[in-house]
$ cat input39.cif   # mmCIF, C-alpha atoms
data_run
loop_
_atom_site.label_atom_id
_atom_site.label_comp_id
_atom_site.auth_asym_id
_atom_site.auth_seq_id
_atom_site.Cartn_x
_atom_site.Cartn_y
_atom_site.Cartn_z
CA MET A 20 -21.94 -17.12 -0.05
CA THR A 21 -20.81 -15.81 3.31
CA ALA A 22 -18.27 -13.06 3.76
CA ALA A 23 -17.84 -13.39 7.52
CA VAL A 24 -14.26 -13.60 8.79
CA SER A 25 -13.43 -17.09 9.94
CA ALA A 26 -12.60 -17.76 13.58
CA ASP A 27 -10.56 -20.81 12.55
CA THR A 28 -7.52 -20.90 14.86
CA GLY A 29 -5.65 -22.84 12.18
CA TRP A 30 -4.61 -19.47 10.77
CA ARG A 31 -1.91 -19.50 13.42
CA ASP A 32 -0.10 -22.24 11.53
CA ARG A 33 -0.73 -21.28 7.91
CA GLN A 34 0.85 -18.67 5.67
CA PRO A 35 -1.61 -16.39 3.86
CA GLY A 36 -2.67 -17.44 0.37
CA ARG A 37 -5.01 -14.53 -0.37
CA LEU A 38 -5.03 -10.93 0.76
CA ILE A 39 -7.78 -11.44 3.32
CA ASP A 40 -5.80 -14.26 4.90
CA MET A 41 -3.13 -11.91 6.25
CA ILE A 42 -5.76 -10.05 8.27
CA ARG A 43 -7.34 -13.28 9.53
CA ARG A 44 -3.93 -14.58 10.51
CA GLN A 45 -2.93 -11.47 12.46
CA ALA A 46 -6.35 -11.39 14.13
CA ALA A 47 -5.57 -14.85 15.47
CA LEU A 48 -1.94 -14.15 16.35
CA ASN A 49 -2.09 -10.58 17.65
CA PRO A 50 -5.75 -9.65 18.13
CA ASP A 51 -5.16 -6.73 20.49
CA ALA A 52 -2.21 -5.20 18.61
CA PRO A 53 -2.91 -1.94 16.77
CA ALA A 54 -3.35 -2.54 13.05
CA LEU A 55 -4.32 0.81 11.55
CA THR A 56 -4.09 4.26 13.09
CA GLU A 57 -5.07 7.48 11.37
CA ALA A 58 -2.50 10.20 12.04
CA ASP A 59 -5.05 12.55 13.58
CA GLY A 60 -7.86 10.12 14.21
CA PRO A 61 -8.95 6.71 15.43
CA SER A 62 -7.14 3.39 15.67
CA ILE A 63 -8.29 -0.17 15.16
CA ASP A 64 -6.65 -3.38 16.35
CA TYR A 65 -6.34 -6.59 14.34
CA ARG A 66 -9.40 -8.17 15.92
CA GLY A 67 -11.43 -5.09 15.11
CA LEU A 68 -10.02 -4.85 11.58
CA ALA A 69 -10.91 -8.46 10.82
CA ALA A 70 -14.45 -7.87 12.08
CA ALA A 71 -14.77 -4.61 10.15
CA VAL A 72 -13.55 -6.22 6.93
CA GLY A 73 -16.00 -9.08 7.36
CA ALA A 74 -18.90 -6.72 8.01
CA ALA A 75 -17.94 -4.51 5.05
CA ALA A 76 -17.75 -7.54 2.78
CA GLU A 77 -21.25 -8.53 3.80
CA THR A 78 -22.43 -4.98 3.10
CA PHE A 79 -20.79 -4.99 -0.33
CA GLU A 80 -22.35 -8.36 -1.06
CA ARG A 81 -25.80 -6.96 -0.24
CA LEU A 82 -25.03 -4.14 -2.66
CA GLY A 83 -24.53 -6.67 -5.45
CA VAL A 84 -20.75 -7.09 -5.41
CA GLY A 85 -19.63 -10.60 -6.27
CA PRO A 86 -16.60 -12.56 -7.47
CA GLY A 87 -14.87 -11.01 -10.45
CA ASP A 88 -16.57 -7.61 -10.05
CA ARG A 89 -14.50 -4.48 -9.77
CA VAL A 90 -14.90 -2.15 -6.79
CA LEU A 91 -13.48 1.30 -7.45
CA ILE A 92 -12.32 2.89 -4.19
CA VAL A 93 -11.87 6.67 -4.49
CA ASN A 94 -9.84 7.36 -1.40
CA GLU A 95 -7.19 9.02 0.65
CA ASN A 96 -5.28 6.97 3.21
CA SER A 97 -7.67 5.95 5.97
CA ILE A 98 -9.03 2.99 7.90
CA ALA A 99 -12.12 3.09 5.68
CA ALA A 100 -10.01 2.81 2.51
CA VAL A 101 -8.00 -0.18 3.74
CA THR A 102 -11.14 -1.88 5.06
CA ALA A 103 -12.93 -1.44 1.72
CA LEU A 104 -9.95 -2.84 -0.16
CA PHE A 105 -9.77 -6.01 1.94
CA ALA A 106 -13.56 -6.39 1.94
CA ALA A 107 -13.67 -6.38 -1.86
CA ALA A 108 -10.80 -8.88 -1.99
CA ALA A 109 -12.59 -11.11 0.54
CA LEU A 110 -15.45 -11.43 -1.96
CA ASP A 111 -13.01 -12.34 -4.76
CA ALA A 112 -13.87 -9.00 -6.33
CA TRP A 113 -11.10 -6.75 -7.65
CA PRO A 114 -10.39 -3.73 -5.44
CA VAL A 115 -9.36 -0.73 -7.57
CA PRO A 116 -7.94 1.99 -5.30
CA VAL A 117 -7.58 5.44 -6.89
CA ASN A 118 -6.42 8.69 -5.36
CA ALA A 119 -9.32 11.04 -4.62
CA ARG A 120 -7.11 13.96 -5.63
CA LEU A 121 -7.22 12.90 -9.26
CA SER A 122 -9.32 15.07 -11.53
CA ALA A 123 -12.90 14.20 -12.42
CA ARG A 124 -11.75 13.33 -15.93
CA GLU A 125 -9.06 10.95 -14.67
CA ILE A 126 -11.35 9.14 -12.26
CA ASP A 127 -14.13 8.88 -14.81
CA GLU A 128 -11.72 7.52 -17.40
CA ILE A 129 -10.55 4.83 -14.98
CA GLY A 130 -14.15 4.01 -14.11
CA LYS A 131 -15.06 3.70 -17.77
CA HIS A 132 -12.14 1.36 -18.33
CA CYS A 133 -12.63 -0.98 -15.35
CA ALA A 134 -16.46 -0.91 -15.34
CA PRO A 135 -16.93 -1.25 -11.55
CA ARG A 136 -19.94 -2.85 -9.94
CA ARG A 137 -19.78 -0.18 -7.26
CA ILE A 138 -17.72 2.93 -6.52
CA VAL A 139 -16.83 3.57 -2.87
CA PHE A 140 -15.84 7.07 -1.75
CA THR A 141 -14.02 7.68 1.56
CA THR A 142 -15.92 10.89 2.19
CA GLY A 143 -15.20 10.95 5.91
CA VAL A 144 -11.53 11.78 5.43
CA SER A 145 -11.32 13.36 1.99
CA PRO A 146 -13.08 16.53 0.78
CA GLU A 147 -12.10 15.58 -2.76
CA ALA A 148 -13.74 12.17 -2.38
CA ALA A 149 -16.89 13.94 -1.21
CA VAL A 150 -16.91 16.08 -4.35
CA HIS A 151 -16.54 13.02 -6.57
CA ALA A 152 -19.27 11.24 -4.59
CA GLY A 153 -21.62 14.13 -5.27
CA ARG A 154 -20.88 13.99 -8.98
CA HIS A 155 -21.74 10.29 -9.03
CA GLY A 156 -24.90 10.51 -6.96
CA ALA A 157 -23.42 8.32 -4.24
CA GLU A 158 -25.42 7.52 -1.11
CA PRO A 159 -24.10 7.17 2.47
CA VAL A 160 -23.43 3.63 3.67
CA ASP A 161 -22.34 2.76 7.19
CA LEU A 162 -19.46 0.33 7.56
CA ASP A 163 -19.59 -1.25 11.01
CA GLY A 164 -16.59 -0.35 13.10
CA VAL A 165 -15.27 2.08 10.50
CA GLY A 166 -17.78 4.83 9.81
CA THR A 167 -19.67 6.18 6.85
CA VAL A 168 -18.56 6.00 3.24
CA HIS A 169 -20.55 6.88 0.15
CA VAL A 170 -21.34 4.28 -2.51
CA GLY A 171 -22.31 5.02 -6.10
CA PRO A 172 -25.11 3.40 -8.13
CA ARG A 173 -24.76 -0.20 -9.23
CA GLY A 174 -22.79 -0.59 -12.45
CA ASP A 175 -23.42 -3.15 -15.17
CA GLY A 176 -19.87 -4.32 -15.88
CA ALA A 177 -19.52 -8.05 -16.48
CA PRO A 178 -17.59 -10.01 -13.82
CA GLU A 179 -14.20 -11.47 -14.68
CA PRO A 180 -13.57 -15.20 -14.21
CA VAL A 181 -12.38 -16.36 -10.78
CA THR A 182 -10.38 -19.58 -10.61
CA GLY A 183 -9.77 -19.96 -6.87
CA ASP A 184 -6.02 -19.94 -7.56
CA PRO A 185 -4.25 -17.02 -5.81
CA VAL A 186 -1.50 -17.19 -8.41
CA ARG A 187 -3.98 -16.39 -11.19
CA ASP A 188 -6.78 -14.47 -9.50
CA VAL A 189 -6.45 -10.69 -9.32
CA GLY A 190 -5.99 -9.39 -5.79
CA VAL A 191 -5.82 -5.70 -6.70
CA LEU A 192 -6.07 -3.61 -9.86
CA ILE A 193 -3.76 -0.57 -9.80
CA TYR A 194 -3.88 2.17 -12.41
CA THR A 195 -0.65 3.84 -13.41
CA SER A 196 -0.29 6.70 -15.83
CA GLY A 197 2.89 5.30 -17.39
CA THR A 198 4.80 7.47 -19.83
CA THR A 199 1.91 8.41 -22.11
CA GLY A 200 -0.34 9.89 -19.45
CA ARG A 201 -3.22 7.54 -20.20
CA PRO A 202 -4.26 5.29 -17.30
CA LYS A 203 -3.20 1.66 -17.57
CA GLY A 204 -4.65 -1.05 -15.38
CA VAL A 205 -2.09 -3.35 -13.79
CA MET A 206 -3.63 -6.63 -12.61
CA LEU A 207 -1.72 -7.99 -9.63
CA SER A 208 -2.55 -11.42 -8.27
CA HIS A 209 -2.98 -12.20 -4.59
CA ARG A 210 0.36 -13.99 -4.71
CA ALA A 211 2.12 -11.01 -6.29
CA ALA A 212 0.91 -8.58 -3.62
CA LEU A 213 1.63 -11.01 -0.79
CA PHE A 214 5.05 -11.84 -2.19
CA VAL A 215 6.20 -8.22 -1.86
CA ALA A 216 4.39 -7.74 1.46
CA SER A 217 6.04 -10.82 2.95
CA SER A 218 9.56 -10.66 1.53
CA PRO A 219 11.92 -8.49 3.54
CA GLY A 220 14.84 -9.13 1.16
CA ALA A 221 17.52 -6.76 2.36
CA GLN A 222 15.03 -5.07 4.61
CA ARG A 223 14.26 -5.62 8.24
CA PRO A 224 10.91 -7.45 8.39
CA THR A 225 8.00 -5.75 10.08
CA GLN A 226 6.82 -7.18 13.36
CA PRO A 227 4.41 -6.47 16.23
CA GLY A 228 5.57 -3.38 18.07
CA ASP A 229 6.65 -1.63 14.88
CA THR A 230 4.90 1.43 13.52
CA ILE A 231 5.33 2.06 9.80
CA TYR A 232 4.54 5.55 8.54
CA CYS A 233 2.28 5.54 5.48
CA ALA A 234 1.74 8.89 3.82
CA LEU A 235 2.43 7.35 0.43
CA PRO A 236 -1.03 6.90 -1.14
CA ILE A 237 -2.31 3.34 -1.00
CA ALA A 238 -3.75 4.04 -4.45
CA HIS A 239 -0.16 3.68 -5.70
CA ILE A 240 1.97 0.57 -5.52
CA TYR A 241 4.73 1.94 -3.27
CA GLY A 242 2.22 2.96 -0.63
CA LEU A 243 0.10 -0.17 -0.99
CA THR A 244 2.34 -3.24 -1.13
CA SER A 245 5.71 -1.99 0.12
CA THR A 246 4.29 0.08 2.97
CA CYS A 247 0.71 -0.69 4.03
CA LEU A 248 0.53 -4.40 3.18
CA ARG A 249 4.07 -5.05 4.40
CA GLY A 250 3.19 -3.55 7.74
CA LEU A 251 -0.02 -5.54 8.09
CA TYR A 252 1.62 -8.76 6.96
CA GLY A 253 4.11 -8.58 9.83
CA GLY A 254 1.59 -7.53 12.48
CA ALA A 255 2.89 -3.96 12.72
CA GLU A 256 0.87 -0.80 13.21
CA VAL A 257 0.35 1.15 9.98
CA LEU A 258 0.15 4.87 10.69
CA LEU A 259 -2.02 6.30 7.91
CA ALA A 260 -1.61 9.92 6.87
CA PRO A 261 -3.95 11.12 4.11
CA ARG A 262 -1.45 13.81 3.16
CA PHE A 263 2.22 14.31 3.95
CA GLU A 264 3.08 17.07 6.39
CA ALA A 265 6.73 17.46 7.29
CA SER A 266 5.97 19.02 10.68
CA GLN A 267 3.65 16.16 11.60
CA LEU A 268 6.17 13.49 10.62
CA ALA A 269 8.99 15.29 12.44
CA GLY A 270 6.91 15.34 15.60
CA MET A 271 6.02 11.65 15.31
CA LEU A 272 9.66 10.72 14.76
CA ALA A 273 10.86 12.78 17.71
CA GLU A 274 8.16 11.29 19.94
CA GLY A 275 9.27 7.77 19.02
CA ARG A 276 5.97 6.89 17.33
CA VAL A 277 7.61 5.76 14.05
CA THR A 278 10.03 2.85 13.74
CA MET A 279 9.91 2.40 9.95
CA LEU A 280 9.77 5.14 7.32
CA GLN A 281 9.22 4.80 3.59
CA GLY A 282 9.06 7.79 1.28
CA VAL A 283 9.84 9.43 -2.02
CA PRO A 284 12.77 11.86 -2.26
CA GLN A 285 10.58 14.98 -2.07
CA MET A 286 9.24 13.85 1.32
CA TYR A 287 12.79 13.74 2.66
CA VAL A 288 13.57 17.15 1.12
CA ARG A 289 10.65 18.68 3.00
CA LEU A 290 11.44 16.80 6.22
CA LEU A 291 15.07 17.98 6.18
CA ALA A 292 13.98 21.55 5.50
CA HIS A 293 11.69 21.40 8.52
CA LEU A 294 14.40 19.92 10.73
CA ARG A 295 16.80 22.69 9.74
CA GLU A 296 14.24 25.23 10.96
CA HIS A 297 13.18 23.16 13.97
CA PRO A 298 16.12 20.93 15.00
CA ARG A 299 15.49 17.98 17.29
CA ASP A 300 18.05 15.83 19.08
CA PRO A 301 17.60 13.00 18.59
CA ALA A 302 15.41 13.47 15.54
CA ALA A 303 14.19 9.88 15.42
CA PRO A 304 15.06 7.88 18.55
CA ARG A 305 13.08 4.72 17.62
CA LEU A 306 13.57 4.71 13.86
CA VAL A 307 15.26 1.46 12.81
CA PHE A 308 14.64 1.34 9.08
CA ALA A 309 13.97 3.74 6.20
CA THR A 310 13.69 3.55 2.44
CA MET A 311 13.76 6.09 -0.35
CA GLY A 312 12.41 5.41 -3.83
CA GLY A 313 9.76 6.23 -6.39
CA ALA A 314 12.02 8.75 -8.17
CA TYR A 315 15.69 9.41 -8.81
CA VAL A 316 17.64 9.67 -5.56
CA GLU A 317 20.37 12.30 -5.33
CA PRO A 318 23.33 10.94 -3.33
CA ALA A 319 23.61 14.15 -1.35
CA LEU A 320 19.95 13.97 -0.32
CA LYS A 321 20.25 10.38 0.83
CA GLU A 322 23.36 11.11 2.87
CA ALA A 323 21.84 14.21 4.46
CA ALA A 324 18.74 12.23 5.45
CA GLU A 325 20.88 9.45 6.91
CA ALA A 326 22.85 11.95 8.98
CA ALA A 327 19.71 13.64 10.26
CA LEU A 328 17.78 10.48 11.08
CA GLY A 329 20.63 8.27 12.25
CA VAL A 330 19.82 5.26 10.07
CA ARG A 331 21.11 3.80 6.84
CA ILE A 332 18.52 4.42 4.09
CA VAL A 333 17.75 1.66 1.60
CA VAL A 334 17.20 2.77 -1.99
CA GLY A 335 14.85 0.74 -4.15
CA TYR A 336 13.87 0.41 -7.77
CA GLY A 337 10.49 -0.91 -8.78
CA MET A 338 7.46 -0.76 -11.04
CA THR A 339 3.75 -1.26 -10.57
CA GLU A 340 3.93 -4.30 -12.86
CA PHE A 341 6.27 -5.96 -10.33
CA ALA A 342 3.97 -5.19 -7.36
CA SER A 343 6.53 -2.53 -6.43
CA THR A 344 10.01 -3.84 -5.69
CA VAL A 345 12.44 -5.17 -8.29
CA THR A 346 15.72 -4.60 -6.49
CA ARG A 347 17.21 -2.45 -3.77
CA SER A 348 20.44 -1.52 -2.06
CA LEU A 349 21.74 -3.28 1.01
CA PRO A 350 21.68 -1.33 4.28
CA GLN A 351 25.01 -2.82 5.38
CA HIS A 352 26.87 -1.50 2.30
CA VAL A 353 29.10 1.51 2.77
CA GLY A 354 29.63 4.30 0.28
CA ARG A 355 27.18 5.66 -2.21
CA ASP A 356 24.52 3.16 -3.24
CA THR A 357 21.79 5.24 -4.85
CA CYS A 358 21.49 2.87 -7.81
CA ALA A 359 19.88 -0.54 -7.74
CA SER A 360 22.19 -3.30 -6.58
CA SER A 361 23.64 -6.32 -8.31
CA PRO A 362 21.41 -8.93 -9.96
CA GLY A 363 19.25 -10.79 -7.50
CA SER A 364 21.42 -9.77 -4.55
CA SER A 365 18.96 -7.77 -2.52
CA GLY A 366 15.45 -7.65 -3.89
CA PRO A 367 12.80 -10.34 -4.18
CA ALA A 368 13.31 -10.54 -7.94
CA GLN A 369 16.02 -12.26 -9.94
CA VAL A 370 17.58 -9.65 -12.24
CA SER A 371 19.65 -10.85 -15.17
CA ARG A 372 21.82 -7.75 -15.33
CA PRO A 373 22.74 -4.93 -12.96
CA THR A 374 20.46 -1.94 -13.41
CA CYS A 375 23.14 0.63 -12.61
CA TRP A 376 25.99 -0.39 -14.91
CA GLY A 377 24.72 1.20 -18.09
CA SER A 378 22.85 -1.85 -19.34
CA ASP A 379 20.19 -1.19 -21.94
CA ARG A 380 18.11 -4.24 -21.09
CA VAL A 381 17.06 -5.87 -17.83
CA THR A 382 15.15 -9.12 -17.49
CA VAL A 383 13.24 -9.78 -14.29
CA GLU A 384 11.67 -13.03 -13.11
CA ALA A 385 9.76 -13.05 -9.84
CA ASN A 386 6.59 -14.20 -8.15
CA SER A 387 5.49 -10.57 -8.03
CA VAL A 388 5.52 -9.92 -11.79
CA MET A 389 2.13 -9.22 -13.39
CA PRO A 390 1.12 -12.24 -15.54
#
$ encode --input "input39.cif" --output "structure tokens"
Amino acid sequence: MTAAVSADTGWRDRQPGRLIDMIRRQAALNPDAPALTEADGPSIDYRGLAAAVGAAAETFERLGVGPGDRVLIVNENSIAAVTALFAAAALDAWPVPVNARLSAREIDEIGKHCAPRRIVFTTGVSPEAAVHAGRHGAEPVDLDGVGTVHVGPRGDGAPEPVTGDPVRDVGVLIYTSGTTGRPKGVMLSHRAALFVASSPGAQRPTQPGDTIYCALPIAHIYGLTSTCLRGLYGGAEVLLAPRFEASQLAGMLAEGRVTMLQGVPQMYVRLLAHLREHPRDPAAPRLVFATMGGAYVEPALKEAAEAALGVRIVVGYGMTEFASTVTRSLPQHVGRDTCASSPGSSGPAQVSRPTCWGSDRVTVEANSVMP
């Protein structure tokens, strides 16, 4: 089995079927365009990312990772984390990204549940990942073009079946605490992840020349599919921040580095507080699109953020089991729209009832729903 990235120029004419295909396609279409940039660190273009993913996949394969294995990636947002995720997917293994800031008990519980073949720790960008790596006796491994990560001892978990069908094969395994506090593994197919990454719905699609700000952890569905993968799918630059800092984002917005912003309400609260103390005019000269979700959105907060940033903010509703987005408001609507919109009118899913009219039951059918 070879993990090398194909140089087949036919990628220019085909839509991605598996996660790795979106990187191969952009490497053919926009090889010199920036793909991933760390907020205070290096950048890699699409040609370099494709090569790094291919090299990392070959490294993982030498470490015993194969189809159907799980690869637990203890990470904070970084080029290394994204590279490891795509490398595992390229081998038809299941990437399992988890936030390095989880407790030892939480990470160990997830590891016990998913039985990974290997655990990868992004120690170069995360002190917490380094602590977890030490607990697990991980050894340094160089990933060409990316840097050093640490990899734990080989696990003995049995591989899951792989069919070759992107509709059925798992592209990423995301753990969510749910309402009980116990981790639950959500198996999302390649198609599910790509469906959300590729469907702009009411949103402006990403494209080369865009920079999408990604401080939302890629270990969570909002940061992974709706932000990071959506940016990469369209050939945009994904600006990776391991942790949110309002002052850093305000500076990037004012400098025109960010064209697309996605965040939870608390991020906007902190950004607005910073802008009140350090006003900028204009605050975000190149920003063309923004979303707010992941928690209840207060109308006053949304309107204050719109006034400060000069864009209409889209509000979304989603769940990990739907690969993130179920429905969202329309940016062209006027008035308050902090609830999800009418059935099937704006999101990639078909919703049988409005989710903001007091209904007690909602049925969703979409290509992004977990089987």
$ closest_residue --input "input39.cif" --among "A:Ala234, A:Met41, A:Val316, A:Leu162" --to "Gln281 in chain A" --atoms "all atoms listed in the file"
A:Ala234
$ residues_around --input "input39.cif" --residues "Pro50 in chain A" --least-positions-apart "6" --cutoff "12 Å" --atoms "all atoms listed in the file" --output "PDB file with C-alpha atoms, keeping the file's coordinate frame"
ATOM      1  CA  ALA A  26     -12.600 -17.760  13.580  1.00  0.00           C
ATOM      2  CA  THR A  28      -7.520 -20.900  14.860  1.00  0.00           C
ATOM      3  CA  ARG A  31      -1.910 -19.500  13.420  1.00  0.00           C
ATOM      4  CA  ILE A  42      -5.760 -10.050   8.270  1.00  0.00           C
ATOM      5  CA  ARG A  43      -7.340 -13.280   9.530  1.00  0.00           C
ATOM      6  CA  ARG A  44      -3.930 -14.580  10.510  1.00  0.00           C
ATOM      7  CA  ILE A  63      -8.290  -0.170  15.160  1.00  0.00           C
ATOM      8  CA  ASP A  64      -6.650  -3.380  16.350  1.00  0.00           C
ATOM      9  CA  TYR A  65      -6.340  -6.590  14.340  1.00  0.00           C
ATOM     10  CA  ARG A  66      -9.400  -8.170  15.920  1.00  0.00           C
ATOM     11  CA  GLY A  67     -11.430  -5.090  15.110  1.00  0.00           C
ATOM     12  CA  LEU A  68     -10.020  -4.850  11.580  1.00  0.00           C
ATOM     13  CA  ALA A  69     -10.910  -8.460  10.820  1.00  0.00           C
ATOM     14  CA  ALA A  70     -14.450  -7.870  12.080  1.00  0.00           C
ATOM     15  CA  PRO A 227       4.410  -6.470  16.230  1.00  0.00           C
ATOM     16  CA  GLY A 254       1.590  -7.530  12.480  1.00  0.00           C
ATOM     17  CA  ALA A 255       2.890  -3.960  12.720  1.00  0.00           C
TER      18      ALA A 255
END
$ closest_residue --input "input39.cif" --among "A:Val288, A:Ala74, A:Ala216, A:Leu306" --to "Lys321 in chain A" --atoms "all atoms listed in the file"
A:Val288
$ closest_atom_pairs --input "input39.cif" --of "range 159-217 of chain A" --to "range 249-253 of chain A" --cutoff "12 Å" --atoms "all atoms listed in the file" --output "JSON lines"
{"residue": "A:Ala212", "atom": "CA", "partner": "A:Arg249", "partner_atom": "CA", "distance": 9.3}
{"residue": "A:Leu213", "atom": "CA", "partner": "A:Tyr252", "partner_atom": "CA", "distance": 8.1}
{"residue": "A:Phe214", "atom": "CA", "partner": "A:Arg249", "partner_atom": "CA", "distance": 9.5}
{"residue": "A:Val215", "atom": "CA", "partner": "A:Arg249", "partner_atom": "CA", "distance": 7.3}
{"residue": "A:Ala216", "atom": "CA", "partner": "A:Arg249", "partner_atom": "CA", "distance": 4.0}
{"residue": "A:Ser217", "atom": "CA", "partner": "A:Arg249", "partner_atom": "CA", "distance": 6.3}
$ closest_residue --input "input39.cif" --among "A:Asp161, A:Glu274, A:Asp229, A:Asp188" --to "Trp113 in chain A" --atoms "all atoms listed in the file"
A:Asp188
$ residues_around --input "input39.cif" --residues "Val257 in chain A" --least-positions-apart "4" --cutoff "9 Å" --atoms "all atoms listed in the file" --output "list in words"
Pro53, Ala54, Leu55, Thr56, Glu57, Asp229, Thr230, Ile231, Tyr232, Cys233, Thr246, Cys247, Leu248, Gly250 and Leu251 of chain A
$ residues_around --input "input39.cif" --residues "Arg331 in chain A" --least-positions-apart "5" --cutoff "9 Å" --atoms "only C-alpha atoms" --output "short mmCIF file (atom, residue, chain, number, x, y, z; two decimals) with C-alpha atoms, keeping the file's coordinate frame"
data_model
loop_
_atom_site.label_atom_id
_atom_site.label_comp_id
_atom_site.auth_asym_id
_atom_site.auth_seq_id
_atom_site.Cartn_x
_atom_site.Cartn_y
_atom_site.Cartn_z
CA VAL A 307 15.26 1.46 12.81
CA PHE A 308 14.64 1.34 9.08
CA ALA A 309 13.97 3.74 6.20
CA THR A 310 13.69 3.55 2.44
CA LYS A 321 20.25 10.38 0.83
CA GLU A 322 23.36 11.11 2.87
CA ALA A 324 18.74 12.23 5.45
CA GLU A 325 20.88 9.45 6.91
CA ALA A 326 22.85 11.95 8.98
CA PRO A 350 21.68 -1.33 4.28
CA GLN A 351 25.01 -2.82 5.38
#
$ closest_residue --input "input39.cif" --among "A:Gly73, A:Pro224, A:Pro114, A:Gly143" --to "Met279 in chain A" --atoms "only C-alpha atoms"
A:Pro224
$ atom_distance --input "input39.cif" --atom1 "CA of Leu82 in chain A" --atom2 "CA of Arg136 in chain A"
9.0 Å
$ closest_residue --input "input39.cif" --among "A:Tyr194, A:Phe263, A:Phe140, A:Tyr287" --to "Ala327 in chain A" --atoms "all atoms listed in the file"
A:Tyr287
$ resolve_selection --input "input39.cif" --expression "the PyMOL selection byres ((chain A and resi 85) around 9)" --output "number ranges by chain"
A: 79-80, 83-84, 86-89, 107, 110-112, 136, 178
$ decode --input "input39.cif" --residues "range 251-256 of chain A" --atoms "all heavy atoms" --output "PDB file, in the first residue's frame"
ATOM      1  N   LEU A 251     -10.440  24.902   3.570  1.00  0.00           N
ATOM      2  CA  LEU A 251      -9.572  24.116   2.693  1.00  0.00           C
ATOM      3  C   LEU A 251     -10.316  23.641   1.454  1.00  0.00           C
ATOM      4  O   LEU A 251      -9.732  23.564   0.362  1.00  0.00           O
ATOM      5  CB  LEU A 251      -9.002  22.924   3.460  1.00  0.00           C
ATOM      6  CG  LEU A 251      -8.045  23.272   4.616  1.00  0.00           C
ATOM      7  CD1 LEU A 251      -7.676  22.018   5.376  1.00  0.00           C
ATOM      8  CD2 LEU A 251      -6.805  23.985   4.103  1.00  0.00           C
ATOM      9  N   TYR A 252     -11.571  23.311   1.597  1.00  0.00           N
ATOM     10  CA  TYR A 252     -12.336  22.834   0.442  1.00  0.00           C
ATOM     11  C   TYR A 252     -12.377  23.895  -0.663  1.00  0.00           C
ATOM     12  O   TYR A 252     -12.266  23.582  -1.844  1.00  0.00           O
ATOM     13  CB  TYR A 252     -13.765  22.458   0.857  1.00  0.00           C
ATOM     14  CG  TYR A 252     -14.532  21.739  -0.221  1.00  0.00           C
ATOM     15  CD1 TYR A 252     -14.624  20.354  -0.226  1.00  0.00           C
ATOM     16  CD2 TYR A 252     -15.178  22.434  -1.242  1.00  0.00           C
ATOM     17  CE1 TYR A 252     -15.319  19.684  -1.218  1.00  0.00           C
ATOM     18  CE2 TYR A 252     -15.865  21.779  -2.242  1.00  0.00           C
ATOM     19  CZ  TYR A 252     -15.931  20.398  -2.221  1.00  0.00           C
ATOM     20  OH  TYR A 252     -16.610  19.730  -3.215  1.00  0.00           O
ATOM     21  N   GLY A 253     -12.508  25.156  -0.265  1.00  0.00           N
ATOM     22  CA  GLY A 253     -12.621  26.226  -1.257  1.00  0.00           C
ATOM     23  C   GLY A 253     -11.296  26.815  -1.692  1.00  0.00           C
ATOM     24  O   GLY A 253     -11.277  27.747  -2.505  1.00  0.00           O
ATOM     25  N   GLY A 254     -10.184  26.316  -1.149  1.00  0.00           N
ATOM     26  CA  GLY A 254      -8.882  26.856  -1.530  1.00  0.00           C
ATOM     27  C   GLY A 254      -8.492  28.122  -0.795  1.00  0.00           C
ATOM     28  O   GLY A 254      -7.607  28.861  -1.235  1.00  0.00           O
ATOM     29  N   ALA A 255      -9.156  28.372   0.352  1.00  0.00           N
ATOM     30  CA  ALA A 255      -8.834  29.551   1.153  1.00  0.00           C
ATOM     31  C   ALA A 255      -7.646  29.266   2.064  1.00  0.00           C
ATOM     32  O   ALA A 255      -7.176  28.133   2.178  1.00  0.00           O
ATOM     33  CB  ALA A 255     -10.049  29.969   1.981  1.00  0.00           C
ATOM     34  N   GLU A 256      -7.172  30.304   2.707  1.00  0.00           N
ATOM     35  CA  GLU A 256      -6.152  30.175   3.746  1.00  0.00           C
ATOM     36  C   GLU A 256      -6.862  30.024   5.087  1.00  0.00           C
ATOM     37  O   GLU A 256      -7.741  30.821   5.427  1.00  0.00           O
ATOM     38  CB  GLU A 256      -5.267  31.410   3.766  1.00  0.00           C
ATOM     39  CG  GLU A 256      -4.238  31.417   4.894  1.00  0.00           C
ATOM     40  CD  GLU A 256      -3.488  32.739   4.989  1.00  0.00           C
ATOM     41  OE1 GLU A 256      -4.020  33.759   4.487  1.00  0.00           O
ATOM     42  OE2 GLU A 256      -2.382  32.754   5.555  1.00  0.00           O
TER      43      GLU A 256
END
